[in-house]
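To start, the structure under review is shown below, and the notes come after it.
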Amino acid sequence: MECFTYRRNELFAEDVPVAELARQYDTPLYVYSRSGMQAQYRALASAMAEVGPHIHFAVKSNSSAAVISLFAEEGAGADVVSAGEIFRAMRAGIDPAKIVFAGVGKTEFEIDYALEQGIHFFTVESEPELERLSKRAAAVSGVARVAIRVNPDVDPKTHKYTSTGKKESKFGVDLERALKAYELAARLPHLEIVGIHMHIGSPLMSVAPYEQALEKVLPVCDVLKKRYPTFRILDIGGGLGIKYTEEETPFDVKEFARRLTPMLKQSGLEIGMEPGRFLVGNAGILLTRVQYIKDNPFKKFVVVDGAMNDLIRPALYEAYHGVLPARKTEATILGDVVGPVCESGDFLARDRELPAVKQGDLLAIQSAGAYAFAMSSSYNSRPRAAEVMVHGERSQLIRARETWQDIVRGECIPNW
Ligand code: LLP
């Protein structure tokens with residue numbers, strides 16, 4: 001579904017002109033389409049219906065309460081990577097029994113908290129973590145359910161910072177070592193082996209890496225099923241891609257389902273998934289207002305009020321985000337969209353053909369629903385942006401813009 005469309009040359013978020021949102025809530029502003037997120041969730045659930053997976057929304061991609069709660073309403077669980085995310089997910093209405101907890105560095109405090117809440121299972125990333133889980137389960141809850149994250153060593157063909165399933169990655173346990181890790185889990189008291197987990201990278205634009213990974217992981221599942229009667233879950237992680245550039249084709253979820261369903265069904269296991277970006281990425285924009293058009297002899301810069309602290313993906317991964325004008329123009333200029341932060345890496349778009357905007361105009365940075373606000377900071381003492389959700393003709397502030405007081409909260413000057 002198209003969440004952001006032009007009507008008589010004006011950009012709309014669902015049925016609300018974005019210019020109206022900027023007037024009402026100011027900029028920089030994150031705008032999300034509720035129907036867009038819901039449609040993606042339903043498209044995935046219906047494509048995968050034959051498998052009937054447990055869908056755990058990857059909270060790290062967009063952790064706003066309003067967003068999590070809409071997936072909770074759809075029946076989703078949550079994939080989390082910290083105790084803070086467990087707190088958030090539960091606060092937004094996710095049943096703790098539907099929470100899965102990954103991450104290479106779970107502290108004792110985090111493990112205890114997760115055990116107290118009764119989460120579904122821990123995605124275990126190392127042998128020492130198994131030992132810690134066993135000890136903490138003995139002290140806290142009696143049992144910790146575990147799925148070991150295996151590293152199938154396939155190349156997801158994505159940015160090196162977001163590729164997670166290769167041998168040299170810090171995540172998971174090598175497939176060759178996996179059986180040994182399960183033997184350890186079986187020897188340790190207070191652990192229940194419930195499944196196996198993989199997540200190979202993000203975003204993936206094709207189905208092939210999933211197939212390659214499953215071809216390696218499924219034989220291991222067969223062995224585990226025979227050895228451990230409680231082994232019942234295969235979690236295939238997240239990573240489903242979205243279209244960022246004009247040239248890319250949207251991730252074909254039907255094709256994904258068509259190719260993977262036979263393999264998944266053949267496993268005879270309950271299937272888990274952990275999509276983040278696919279559900280929210282293209283249902284969000286970052287609205288920003290042009291402050292200056294600056295020319296130097298080499299380049300033109302469109303200086304806007306959004307910056308790398310709001311959206312760090314271009315600076316961090318040289319990621320491409322489309323740029324749309326709030327009011328369509330035929331004329332174009334060549335240049336960069338940059339923010340006010342004191343870093344040369346502070347750009348939102350580089351060397352692009354851009355709409356010929358002028359001071360005061362609005363630009364929408366596209367594909368800003370995932371890993372956008374969630375990765376924002378108040379660097380340069382810039383209050384983090386506000387977030388708004390649109391639902392048909394309605395809009396609602398779902399997170400107030402930070403204030404200077406919010407930024408300094410907790411700071412103090414030593415009295416010595
Ligand atoms: N499951 C696990 C264990 C993960 O580590 C991740 C993402 C996901 C699920 C969800 O992946 P998704 O479906 O959203 O692709 N900041 C980067 C992306 C980092 C992804 C980290 N892990 C970016 O902006 O592209």
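Letters A, B, ... mark the chains of the structure tokens in the order given; residue numbers begin at 1 per chain; ligand numbers begin at 1, in order shown.
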Dump the neighbourhood of ligand 1 as a PDB file with all heavy atoms, in the first residue's frame: all residues within 7 Å, distances computed on only C-alpha atoms and all ligand atoms.
ATOM      1  N   ALA A  58      10.434  -6.834  15.513  1.00  0.00           N
ATOM      2  CA  ALA A  58      11.757  -6.428  16.006  1.00  0.00           C
ATOM      3  C   ALA A  58      11.658  -4.987  16.519  1.00  0.00           C
ATOM      4  O   ALA A  58      11.699  -4.028  15.758  1.00  0.00           O
ATOM      5  CB  ALA A  58      12.800  -6.545  14.899  1.00  0.00           C
ATOM      6  N   SER A  61      13.669  -1.741  15.585  1.00  0.00           N
ATOM      7  CA  SER A  61      13.495  -0.983  14.341  1.00  0.00           C
ATOM      8  C   SER A  61      12.650   0.278  14.556  1.00  0.00           C
ATOM      9  O   SER A  61      12.862   1.298  13.908  1.00  0.00           O
ATOM     10  CB  SER A  61      12.864  -1.859  13.259  1.00  0.00           C
ATOM     11  OG  SER A  61      11.553  -2.262  13.644  1.00  0.00           O
ATOM     12  N   ASP A  79      10.487  -9.201  19.291  1.00  0.00           N
ATOM     13  CA  ASP A  79      11.888  -9.611  19.345  1.00  0.00           C
ATOM     14  C   ASP A  79      12.633  -8.456  19.992  1.00  0.00           C
ATOM     15  O   ASP A  79      12.546  -7.324  19.514  1.00  0.00           O
ATOM     16  CB  ASP A  79      12.393  -9.868  17.913  1.00  0.00           C
ATOM     17  CG  ASP A  79      13.890  -9.707  17.773  1.00  0.00           C
ATOM     18  OD1 ASP A  79      14.617 -10.354  18.534  1.00  0.00           O
ATOM     19  OD2 ASP A  79      14.339  -8.920  16.907  1.00  0.00           O
ATOM     20  N   ALA A 102      17.162 -11.673  22.167  1.00  0.00           N
ATOM     21  CA  ALA A 102      18.455 -11.961  21.545  1.00  0.00           C
ATOM     22  C   ALA A 102      19.515 -10.987  22.057  1.00  0.00           C
ATOM     23  O   ALA A 102      19.223 -10.105  22.866  1.00  0.00           O
ATOM     24  CB  ALA A 102      18.335 -11.842  20.027  1.00  0.00           C
ATOM     25  N   THR A 162      25.658  -4.488   8.786  1.00  0.00           N
ATOM     26  CA  THR A 162      24.364  -5.106   9.099  1.00  0.00           C
ATOM     27  C   THR A 162      24.287  -6.551   8.613  1.00  0.00           C
ATOM     28  O   THR A 162      23.237  -7.145   8.530  1.00  0.00           O
ATOM     29  CB  THR A 162      23.186  -4.302   8.498  1.00  0.00           C
ATOM     30  OG1 THR A 162      23.387  -4.166   7.094  1.00  0.00           O
ATOM     31  CG2 THR A 162      23.065  -2.943   9.133  1.00  0.00           C
ATOM     32  N   HIS A 199      19.608 -15.473  12.193  1.00  0.00           N
ATOM     33  CA  HIS A 199      19.280 -14.150  11.615  1.00  0.00           C
ATOM     34  C   HIS A 199      20.519 -13.766  10.840  1.00  0.00           C
ATOM     35  O   HIS A 199      21.585 -13.580  11.426  1.00  0.00           O
ATOM     36  CB  HIS A 199      18.967 -13.132  12.705  1.00  0.00           C
ATOM     37  CG  HIS A 199      18.862 -11.723  12.166  1.00  0.00           C
ATOM     38  ND1 HIS A 199      17.739 -11.272  11.500  1.00  0.00           N
ATOM     39  CD2 HIS A 199      19.747 -10.709  12.141  1.00  0.00           C
ATOM     40  CE1 HIS A 199      17.950 -10.016  11.109  1.00  0.00           C
ATOM     41  NE2 HIS A 199      19.156  -9.653  11.489  1.00  0.00           N
ATOM     42  N   GLY A 201      21.129 -11.209   8.454  1.00  0.00           N
ATOM     43  CA  GLY A 201      21.507  -9.853   8.089  1.00  0.00           C
ATOM     44  C   GLY A 201      20.280  -9.037   7.751  1.00  0.00           C
ATOM     45  O   GLY A 201      19.162  -9.542   7.791  1.00  0.00           O
ATOM     46  N   SER A 202      20.537  -7.781   7.397  1.00  0.00           N
ATOM     47  CA  SER A 202      19.405  -6.869   7.227  1.00  0.00           C
ATOM     48  C   SER A 202      19.884  -5.623   6.502  1.00  0.00           C
ATOM     49  O   SER A 202      20.888  -5.044   6.929  1.00  0.00           O
ATOM     50  CB  SER A 202      18.890  -6.526   8.622  1.00  0.00           C
ATOM     51  OG  SER A 202      18.083  -5.405   8.641  1.00  0.00           O
ATOM     52  N   PRO A 203      19.263  -5.142   5.473  1.00  0.00           N
ATOM     53  CA  PRO A 203      18.128  -5.752   4.801  1.00  0.00           C
ATOM     54  C   PRO A 203      18.571  -6.738   3.735  1.00  0.00           C
ATOM     55  O   PRO A 203      19.589  -6.543   3.090  1.00  0.00           O
ATOM     56  CB  PRO A 203      17.454  -4.537   4.144  1.00  0.00           C
ATOM     57  CG  PRO A 203      18.574  -3.591   3.839  1.00  0.00           C
ATOM     58  CD  PRO A 203      19.600  -3.813   4.903  1.00  0.00           C
ATOM     59  N   GLY A 237      14.471 -15.484  12.118  1.00  0.00           N
ATOM     60  CA  GLY A 237      14.964 -14.117  12.256  1.00  0.00           C
ATOM     61  C   GLY A 237      14.199 -13.122  11.403  1.00  0.00           C
ATOM     62  O   GLY A 237      13.068 -13.365  10.978  1.00  0.00           O
ATOM     63  N   GLY A 238      14.858 -12.001  11.162  1.00  0.00           N
ATOM     64  CA  GLY A 238      14.229 -10.942  10.353  1.00  0.00           C
ATOM     65  C   GLY A 238      15.060 -10.692   9.117  1.00  0.00           C
ATOM     66  O   GLY A 238      15.647 -11.623   8.563  1.00  0.00           O
ATOM     67  N   GLY A 239      15.102  -9.444   8.695  1.00  0.00           N
ATOM     68  CA  GLY A 239      15.961  -9.081   7.568  1.00  0.00           C
ATOM     69  C   GLY A 239      15.234  -8.843   6.260  1.00  0.00           C
ATOM     70  O   GLY A 239      15.860  -8.425   5.282  1.00  0.00           O
ATOM     71  N   LEU A 240      13.939  -9.118   6.210  1.00  0.00           N
ATOM     72  CA  LEU A 240      13.203  -8.904   4.953  1.00  0.00           C
ATOM     73  C   LEU A 240      13.351  -7.448   4.520  1.00  0.00           C
ATOM     74  O   LEU A 240      13.098  -6.533   5.305  1.00  0.00           O
ATOM     75  CB  LEU A 240      11.712  -9.234   5.124  1.00  0.00           C
ATOM     76  CG  LEU A 240      11.335 -10.702   5.270  1.00  0.00           C
ATOM     77  CD1 LEU A 240      11.734 -11.245   6.623  1.00  0.00           C
ATOM     78  CD2 LEU A 240       9.830 -10.872   5.098  1.00  0.00           C
ATOM     79  N   GLY A 241      13.750  -7.277   3.274  1.00  0.00           N
ATOM     80  CA  GLY A 241      14.115  -5.938   2.820  1.00  0.00           C
ATOM     81  C   GLY A 241      12.930  -5.068   2.434  1.00  0.00           C
ATOM     82  O   GLY A 241      11.778  -5.508   2.417  1.00  0.00           O
ATOM     83  N   GLU A 274      11.141 -12.645  12.838  1.00  0.00           N
ATOM     84  CA  GLU A 274      11.406 -11.412  13.586  1.00  0.00           C
ATOM     85  C   GLU A 274      11.556 -10.206  12.657  1.00  0.00           C
ATOM     86  O   GLU A 274      12.608  -9.586  12.619  1.00  0.00           O
ATOM     87  CB  GLU A 274      12.695 -11.567  14.390  1.00  0.00           C
ATOM     88  CG  GLU A 274      12.689 -12.745  15.332  1.00  0.00           C
ATOM     89  CD  GLU A 274      14.042 -13.027  15.963  1.00  0.00           C
ATOM     90  OE1 GLU A 274      15.050 -12.488  15.466  1.00  0.00           O
ATOM     91  OE2 GLU A 274      14.091 -13.775  16.931  1.00  0.00           O
ATOM     92  N   PRO A 275      10.533  -9.878  11.908  1.00  0.00           N
ATOM     93  CA  PRO A 275      10.674  -8.757  10.981  1.00  0.00           C
ATOM     94  C   PRO A 275      10.581  -7.408  11.701  1.00  0.00           C
ATOM     95  O   PRO A 275       9.808  -7.253  12.646  1.00  0.00           O
ATOM     96  CB  PRO A 275       9.477  -8.929  10.043  1.00  0.00           C
ATOM     97  CG  PRO A 275       8.441  -9.583  10.908  1.00  0.00           C
ATOM     98  CD  PRO A 275       9.179 -10.452  11.885  1.00  0.00           C
ATOM     99  N   GLY A 276      11.379  -6.469  11.256  1.00  0.00           N
ATOM    100  CA  GLY A 276      11.278  -5.101  11.759  1.00  0.00           C
ATOM    101  C   GLY A 276      11.051  -4.167  10.587  1.00  0.00           C
ATOM    102  O   GLY A 276       9.939  -3.708  10.307  1.00  0.00           O
ATOM    103  N   ARG A 277      12.135  -3.955   9.849  1.00  0.00           N
ATOM    104  CA  ARG A 277      12.112  -3.003   8.732  1.00  0.00           C
ATOM    105  C   ARG A 277      10.957  -3.241   7.749  1.00  0.00           C
ATOM    106  O   ARG A 277      10.316  -2.295   7.314  1.00  0.00           O
ATOM    107  CB  ARG A 277      13.439  -3.123   7.975  1.00  0.00           C
ATOM    108  CG  ARG A 277      13.642  -2.109   6.903  1.00  0.00           C
ATOM    109  CD  ARG A 277      14.933  -2.383   6.103  1.00  0.00           C
ATOM    110  NE  ARG A 277      15.997  -2.954   6.872  1.00  0.00           N
ATOM    111  CZ  ARG A 277      17.098  -2.296   7.279  1.00  0.00           C
ATOM    112  NH1 ARG A 277      17.264  -1.036   6.953  1.00  0.00           N
ATOM    113  NH2 ARG A 277      18.035  -2.910   7.977  1.00  0.00           N
ATOM    114  N   PHE A 278      10.714  -4.509   7.415  1.00  0.00           N
ATOM    115  CA  PHE A 278       9.671  -4.815   6.433  1.00  0.00           C
ATOM    116  C   PHE A 278       8.314  -4.257   6.881  1.00  0.00           C
ATOM    117  O   PHE A 278       7.504  -3.824   6.076  1.00  0.00           O
ATOM    118  CB  PHE A 278       9.587  -6.330   6.208  1.00  0.00           C
ATOM    119  CG  PHE A 278       8.496  -6.737   5.259  1.00  0.00           C
ATOM    120  CD1 PHE A 278       8.689  -6.646   3.884  1.00  0.00           C
ATOM    121  CD2 PHE A 278       7.271  -7.188   5.737  1.00  0.00           C
ATOM    122  CE1 PHE A 278       7.671  -6.993   3.000  1.00  0.00           C
ATOM    123  CE2 PHE A 278       6.255  -7.543   4.859  1.00  0.00           C
ATOM    124  CZ  PHE A 278       6.455  -7.450   3.485  1.00  0.00           C
ATOM    125  N   ARG A 313      21.320   6.913   9.323  1.00  0.00           N
ATOM    126  CA  ARG A 313      21.632   5.861   8.339  1.00  0.00           C
ATOM    127  C   ARG A 313      22.510   6.345   7.178  1.00  0.00           C
ATOM    128  O   ARG A 313      23.446   5.649   6.791  1.00  0.00           O
ATOM    129  CB  ARG A 313      20.357   5.198   7.818  1.00  0.00           C
ATOM    130  CG  ARG A 313      19.510   4.559   8.932  1.00  0.00           C
ATOM    131  CD  ARG A 313      18.396   3.661   8.414  1.00  0.00           C
ATOM    132  NE  ARG A 313      18.908   2.426   7.881  1.00  0.00           N
ATOM    133  CZ  ARG A 313      19.049   2.151   6.613  1.00  0.00           C
ATOM    134  NH1 ARG A 313      18.663   3.018   5.705  1.00  0.00           N
ATOM    135  NH2 ARG A 313      19.562   1.009   6.216  1.00  0.00           N
ATOM    136  N   ALA A 370      11.935   2.762   9.862  1.00  0.00           N
ATOM    137  CA  ALA A 370      12.741   1.756  10.561  1.00  0.00           C
ATOM    138  C   ALA A 370      14.150   2.262  10.782  1.00  0.00           C
ATOM    139  O   ALA A 370      14.756   2.840   9.876  1.00  0.00           O
ATOM    140  CB  ALA A 370      12.800   0.464   9.738  1.00  0.00           C
ATOM    141  N   TYR A 371      14.688   2.013  11.966  1.00  0.00           N
ATOM    142  CA  TYR A 371      16.072   2.395  12.304  1.00  0.00           C
ATOM    143  C   TYR A 371      16.299   3.875  12.021  1.00  0.00           C
ATOM    144  O   TYR A 371      17.358   4.267  11.540  1.00  0.00           O
ATOM    145  CB  TYR A 371      17.075   1.502  11.548  1.00  0.00           C
ATOM    146  CG  TYR A 371      16.817   0.038  11.789  1.00  0.00           C
ATOM    147  CD1 TYR A 371      16.258  -0.768  10.806  1.00  0.00           C
ATOM    148  CD2 TYR A 371      17.073  -0.520  13.031  1.00  0.00           C
ATOM    149  CE1 TYR A 371      15.977  -2.105  11.053  1.00  0.00           C
ATOM    150  CE2 TYR A 371      16.805  -1.857  13.283  1.00  0.00           C
ATOM    151  CZ  TYR A 371      16.263  -2.644  12.293  1.00  0.00           C
ATOM    152  OH  TYR A 371      15.983  -3.964  12.543  1.00  0.00           O
TER     153      TYR A 371
END
Test item: residues at most 7 Å from Ile233 (chain A), only C-alpha atoms, excluding those fewer than 6 positions along its chain, as a list of chain:residue names: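 Neighbouring residues, sequence-local ones excluded: A:Val194, A:Gly195, A:Ile196, A:Leu269, A:Glu270, A:Ile271, A:Gly272.
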Enumerate, as a PyMOL selection string, the complete set of residues in region 290-383 of chain A that a backbone-based DSSP assignment places in strand (DSSP E). chain A and resi 290-295+300-304+323-325+332-338+347-355+362-365
Expected file: the selected residues, C-alpha atoms, as a CSV table (one decimal), in the first residue's frame:
chain,number,residue,atom,x,y,z
A,290,VAL,CA,14.6,24.0,4.2
A,291,GLN,CA,16.5,26.6,6.1
A,292,TYR,CA,18.9,27.8,3.4
A,293,ILE,CA,20.0,27.1,-0.1
A,294,LYS,CA,23.8,27.4,-0.1
A,295,ASP,CA,25.9,27.5,-3.1
A,300,LYS,CA,24.7,23.2,-4.0
A,301,PHE,CA,23.5,22.4,-0.5
A,302,VAL,CA,20.0,22.3,0.6
A,303,VAL,CA,20.3,23.0,4.4
A,304,VAL,CA,17.4,21.6,6.3
A,323,VAL,CA,13.7,12.7,-1.0
A,324,LEU,CA,10.2,14.1,-1.9
A,325,PRO,CA,9.0,17.7,-1.9
A,332,THR,CA,15.3,20.1,-10.3
A,333,ILE,CA,18.6,21.0,-8.9
A,334,LEU,CA,21.7,18.9,-8.3
A,335,GLY,CA,23.1,18.9,-4.8
A,336,ASP,CA,23.2,17.5,-1.2
A,337,VAL,CA,20.6,17.7,1.5
A,338,VAL,CA,22.5,18.5,4.7
A,347,PHE,CA,24.0,14.6,5.1
A,348,LEU,CA,20.6,13.0,4.4
A,349,ALA,CA,21.1,12.8,0.6
A,350,ARG,CA,24.3,13.3,-1.4
A,351,ASP,CA,24.8,14.2,-5.1
A,352,ARG,CA,21.2,13.9,-6.0
A,353,GLU,CA,18.8,15.4,-8.4
A,354,LEU,CA,16.5,17.1,-6.0
A,355,PRO,CA,13.3,19.1,-6.4
A,362,LEU,CA,9.3,21.1,3.1
A,363,LEU,CA,11.1,17.9,2.1
A,364,ALA,CA,10.1,14.4,3.1
A,365,ILE,CA,12.9,11.9,3.6
Among listed residues A:Arg401, A:Arg289, A:His391, A:Arg34, nearest Ala19 (chain A) (using only C-alpha atoms):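 Checking each candidate against Ala19 (chain A), we get A:Arg289 as the closest.
Considering only C-alpha atoms, the residue among A:Gly410, A:Gly281, A:Gly339, A:Gly392 positioned nearest to Met37 (chain A) is A:Gly281.
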